[in-house]
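S.K.: Just passing along the structure, written as structure tokens.
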Amino acid sequence: CNFASGLNVAWVNFGNDVPNPNIATFNTLFQNTYAAGGRIIRWWFHTNGSATPGYDSSGLAQKLPQSHIDGVKAILNAAYNAGVAVNISLWSFDMLQSNAGSAHTNNQALLENDTNRQAYIDNYLTPLVTALKGTPGLYSYEIFNEPEGMGPNGWATYRTTEAAIQKCVNWFSAAIHAVDPNVLVTNAAVTFDYCSNVSGKTNYYSDTALRNVGGKQGGTLDFYEVHYYTSNGASNSCFTHSAASWKLDKKLVMGEFAAAATDGVAQNDLYTSIYSSGYNGAWAWSYDADWPWPAMKVPMQNVYSAHTSDVASCP
């Protein structure tokens, strides 16, 4: 997409949309998004791992059940029928939160242990990507939502290392690309502090950084995704810095931001400002949380009206 305009739903039922999604609710939000000119919806899949992927008695990810495939396909089919597509965010920092319950132990092993990580790839991720390959309504895979939250300087209940996060991004991206070379893969950094090398920041998700840690050539991102809220600090603002100022080598989507006036930009101008600053997409937070629908309706309509050819050509 030249400009992937859309929004976050994140979840209808936190961490439990699969295997039995509430399709009526998804239908409504997909249709509302399309009518407002939005085309991409960011949705969280495993989230904290309490429902999927599921683990066996030895703590390894279970083999992908058909019911999970059916659940994801139902969501993607609803999206396609509404004229939109879905960015599937596989995991969130919530996998090391106390709300993951007993799953957090297996989640941590998946993050840090090669055997457990490979079991998730072999038993679940590769079969999932194989089953979804070519499915209308699929836009991209996102490895993590804000994994820095479970990193050394994060806020999650339990923590892991930045290297473990990078290795998972590298391995999971490589596995996805091996099965479906045409699908897009991204990862959602909490701020530009972790996804740019300017002004003392560090890009942990460049091709070189990921390959150096994980060792897999195919384990790179197709576009960058970064989030911004005023609490992240002015040095990370997408409303006062152009996309070019981050000196990145791939397309760049703002995957979360408040659907409210921010840094001198009026609420109704948020998407247009992000477009005009050279970014390649905008997904406001969130359809049903914090700044819920229709807070992002008019901002999406405005960028669609002003730049119809770039927005409507997506997905």
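Going by the structure tokens order, chains are called A, B, ..., each with residues numbered from 1, while ligands are numbered from 1 in the order shown.
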So which residues touch Leu90 in chain A within 8 Å, counting only C-alpha atoms, skipping near sequence neighbours fewer than 5 positions away, as a PyMOL selection string?

M.R.: chain A and resi 44-47+141-145

S.K.: Mind writing the picked residues with N, CA, C and O atoms as a PDB file, in the first residue's frame?

M.R.:
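Writing the result to selection24.pdb gives the following:
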```
ATOM      1  N   TRP A  44      -5.180  -8.618  17.178  1.00  0.00           N
ATOM      2  CA  TRP A  44      -4.263  -9.422  17.984  1.00  0.00           C
ATOM      3  C   TRP A  44      -4.760 -10.856  18.079  1.00  0.00           C
ATOM      4  O   TRP A  44      -5.920 -11.104  18.403  1.00  0.00           O
ATOM      5  N   PHE A  45      -3.842 -11.809  17.856  1.00  0.00           N
ATOM      6  CA  PHE A  45      -4.201 -13.230  17.820  1.00  0.00           C
ATOM      7  C   PHE A  45      -3.923 -13.911  19.168  1.00  0.00           C
ATOM      8  O   PHE A  45      -4.789 -14.010  20.021  1.00  0.00           O
ATOM      9  N   HIS A  46      -2.701 -14.399  19.394  1.00  0.00           N
ATOM     10  CA  HIS A  46      -2.400 -15.095  20.653  1.00  0.00           C
ATOM     11  C   HIS A  46      -2.496 -14.152  21.852  1.00  0.00           C
ATOM     12  O   HIS A  46      -2.903 -14.568  22.931  1.00  0.00           O
ATOM     13  N   THR A  47      -2.030 -12.941  21.669  1.00  0.00           N
ATOM     14  CA  THR A  47      -2.004 -11.906  22.708  1.00  0.00           C
ATOM     15  C   THR A  47      -1.148 -12.363  23.892  1.00  0.00           C
ATOM     16  O   THR A  47       0.057 -12.179  23.884  1.00  0.00           O
ATOM     17  N   TYR A 141       1.446 -10.171   8.622  1.00  0.00           N
ATOM     18  CA  TYR A 141       1.682 -10.728   9.958  1.00  0.00           C
ATOM     19  C   TYR A 141       2.563  -9.755  10.733  1.00  0.00           C
ATOM     20  O   TYR A 141       3.517  -9.200  10.190  1.00  0.00           O
ATOM     21  N   GLU A 142       2.249  -9.608  11.987  1.00  0.00           N
ATOM     22  CA  GLU A 142       3.068  -8.814  12.906  1.00  0.00           C
ATOM     23  C   GLU A 142       3.554  -9.773  13.993  1.00  0.00           C
ATOM     24  O   GLU A 142       2.746 -10.476  14.609  1.00  0.00           O
ATOM     25  N   ILE A 143       4.857  -9.800  14.223  1.00  0.00           N
ATOM     26  CA  ILE A 143       5.405 -10.779  15.178  1.00  0.00           C
ATOM     27  C   ILE A 143       4.997 -10.450  16.604  1.00  0.00           C
ATOM     28  O   ILE A 143       4.481 -11.298  17.331  1.00  0.00           O
ATOM     29  N   PHE A 144       5.257  -9.220  17.026  1.00  0.00           N
ATOM     30  CA  PHE A 144       4.963  -8.811  18.402  1.00  0.00           C
ATOM     31  C   PHE A 144       4.294  -7.439  18.437  1.00  0.00           C
ATOM     32  O   PHE A 144       4.643  -6.551  17.650  1.00  0.00           O
ATOM     33  N   ASN A 145       3.410  -7.259  19.394  1.00  0.00           N
ATOM     34  CA  ASN A 145       2.971  -5.938  19.802  1.00  0.00           C
ATOM     35  C   ASN A 145       3.856  -5.466  20.952  1.00  0.00           C
ATOM     36  O   ASN A 145       3.896  -6.097  22.015  1.00  0.00           O
TER      37      ASN A 145
END
```

S.K.: Which one is closest to Phe223 in chain A: A:Ile88, A:Val253, A:Leu7, A:Ala156? Count only C-alpha atoms.

M.R.: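 Among A:Ile88, A:Val253, A:Leu7, A:Ala156, it is A:Val253 that comes nearest to Phe223 in chain A.
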
S.K.: With only C-alpha atoms as the atoms that count, which of A:Gly214, A:Gly200, A:Pro21, A:Gly151 lies nearest to Ser67 in chain A?

M.R.: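 For Ser67 in chain A, the nearest of the given residues is A:Pro21.
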
S.K.: Which is closest to His307 in chain A among A:Ala289, A:Ser276, A:Lys216, A:Leu64, if we use only C-alpha atoms?

M.R.: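 That would be A:Ser276, the residue with the smallest distance to His307 in chain A.
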
S.K.: For the structure I just gave you, how does DSSP split range 113-271 of chain A - specifically, which residues are strand (DSSP E or B)? Reply as a PyMOL selection string.

M.R.: chain A and resi 138-145+184-189+224-227+252-256+258+262+265
